[in-house]
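What follows is my_file_30.csv (CSV, C-alpha atoms).
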```
chain,number,residue,atom,x,y,z
K,70,MET,CA,6.7,-201.0,30.9
K,71,GLY,CA,3.2,-201.1,29.4
K,72,THR,CA,-0.2,-201.3,31.0
K,73,GLU,CA,-0.2,-205.1,31.0
K,74,LEU,CA,-1.4,-206.8,34.2
K,75,VAL,CA,1.1,-208.9,36.1
K,76,PRO,CA,-0.1,-212.5,36.4
K,77,LEU,CA,-1.5,-213.5,39.8
K,78,GLU,CA,1.1,-216.3,40.2
K,79,HIS,CA,3.8,-213.6,40.0
K,80,PHE,CA,2.4,-211.9,43.2
K,81,ALA,CA,1.9,-215.3,44.9
K,82,THR,CA,5.5,-216.2,44.4
K,83,HIS,CA,6.7,-212.8,45.7
K,84,LYS,CA,4.5,-213.1,48.7
K,85,ARG,CA,5.9,-216.6,49.6
K,86,VAL,CA,9.5,-215.4,49.1
K,87,TRP,CA,8.8,-212.3,51.2
K,88,ARG,CA,7.3,-214.3,54.0
K,89,ARG,CA,10.3,-216.7,54.1
K,90,LEU,CA,12.7,-213.7,54.2
K,91,VAL,CA,10.8,-212.1,57.1
K,92,GLN,CA,10.7,-215.4,58.9
K,93,THR,CA,14.4,-215.9,58.4
K,94,ALA,CA,15.2,-212.4,59.6
K,95,ARG,CA,13.1,-212.8,62.7
K,96,LEU,CA,14.7,-216.2,63.6
K,97,CYS,CA,18.2,-214.7,63.1
K,98,CYS,CA,17.2,-211.9,65.6
K,99,GLY,CA,15.7,-214.4,68.1
K,100,ILE,CA,12.1,-213.4,67.6
K,101,PRO,CA,10.0,-216.5,67.5
K,102,ASP,CA,7.4,-217.0,64.8
K,103,TYR,CA,4.0,-217.1,66.5
K,104,ASP,CA,2.0,-217.3,63.3
K,105,ASN,CA,3.8,-220.5,62.2
K,106,TYR,CA,3.3,-221.9,65.7
K,107,VAL,CA,-0.4,-221.3,65.7
K,108,ARG,CA,-0.8,-222.7,62.2
K,109,HIS,CA,1.2,-225.8,63.2
K,110,VAL,CA,-0.9,-226.4,66.4
K,111,LEU,CA,-4.2,-226.0,64.5
K,112,GLU,CA,-3.2,-228.3,61.7
K,113,LYS,CA,-1.3,-231.0,63.5
K,114,HIS,CA,-2.9,-230.9,67.0
K,115,PRO,CA,-6.6,-230.1,66.5
K,116,GLY,CA,-7.6,-230.9,70.0
K,117,ARG,CA,-5.0,-228.6,71.6
K,118,GLU,CA,-5.5,-224.9,72.2
K,119,PRO,CA,-2.5,-222.8,71.1
K,120,MET,CA,-0.8,-220.6,73.7
K,121,ASP,CA,-1.5,-216.9,73.6
K,122,TYR,CA,1.3,-214.7,72.2
K,123,LYS,CA,2.6,-213.6,75.7
K,124,THR,CA,2.8,-217.2,77.0
K,125,PHE,CA,4.4,-218.4,73.7
K,126,PHE,CA,7.0,-215.6,73.8
K,127,ARG,CA,7.9,-216.3,77.4
K,128,GLU,CA,8.2,-220.0,76.8
K,129,ARG,CA,10.5,-219.4,73.8
K,130,GLN,CA,12.7,-217.0,75.8
K,131,GLU,CA,13.1,-219.5,78.6
K,132,ALA,CA,13.9,-222.2,76.1
K,133,ARG,CA,16.5,-220.0,74.4
K,134,PHE,CA,18.1,-218.5,77.5
K,135,GLY,CA,17.6,-221.4,80.0
K,136,GLY,CA,15.1,-219.5,82.2
K,137,ARG,CA,17.8,-217.1,83.4
K,138,SER,CA,17.1,-213.4,83.5
K,139,GLY,CA,19.4,-211.2,81.6
K,140,PHE,CA,21.7,-212.1,78.8
K,141,ARG,CA,24.2,-215.0,78.5
K,142,CYS,CA,27.8,-214.1,78.6
K,143,CYS,CA,28.9,-216.9,76.3
```
Could I get this structure in the form of structure tokens?
Amino acid sequence: MGTELVPLEHFATHKRVWRRLVQTARLCCGIPDYDNYVRHVLEKHPGREPMDYKTFFRERQEARFGGRSGFRCC
């Protein structure tokens, strides 16, 4: 490879792909995506205050596991 500069669009594309891969991996592991939630609330619900991370995480855990403590057996 020479000393040519890589076009900016090249980095932007890789950045978008990387973000999607990270988001997919987090969702597969059950980690909610707080950044997307905040972005959604600010864009679609401008009068509403987004939850802080701790409240958001707790709400997502309760939605996923039904509010029970511990893990599901099935």
Report task. Measure the distance from CA of Lys113 in chain K to CA of Cys97 in chain K in Å and round it to one decimal. Result -> 25.4 Å
Requested in this report: For Asp121 in chain K, please output as a PyMOL selection string all residues within 10 Å (counting only C-alpha atoms; exclusion window: fewer than 4 positions along the same chain).
Outcome: chain K and resi 103+107+125-126
Could you turn the residues from that selection into a file that holds C-alpha atoms, as a PDB file, in the frame of the given file?
```pdb
ATOM      1  CA  TYR K 103       4.000-217.100  66.500  1.00  0.00           C
ATOM      2  CA  VAL K 107      -0.400-221.300  65.700  1.00  0.00           C
ATOM      3  CA  PHE K 125       4.400-218.400  73.700  1.00  0.00           C
ATOM      4  CA  PHE K 126       7.000-215.600  73.800  1.00  0.00           C
TER       5      PHE K 126
END
```
Requested in this report: One decimal, Å: what's the distance from CA of Val91 in chain K over to CA of Arg108 in chain K, could you say?
Outcome: 16.5 Å
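With CA of Tyr122 in chain K on one side and CA of Phe134 in chain K on the other, the separation reads 18.0 Å.
Counting all atoms listed in the file and comparing K:Thr124, K:Glu73, K:Ala81, K:His114, the residue that lies closest to Pro101 in chain K is K:Thr124.
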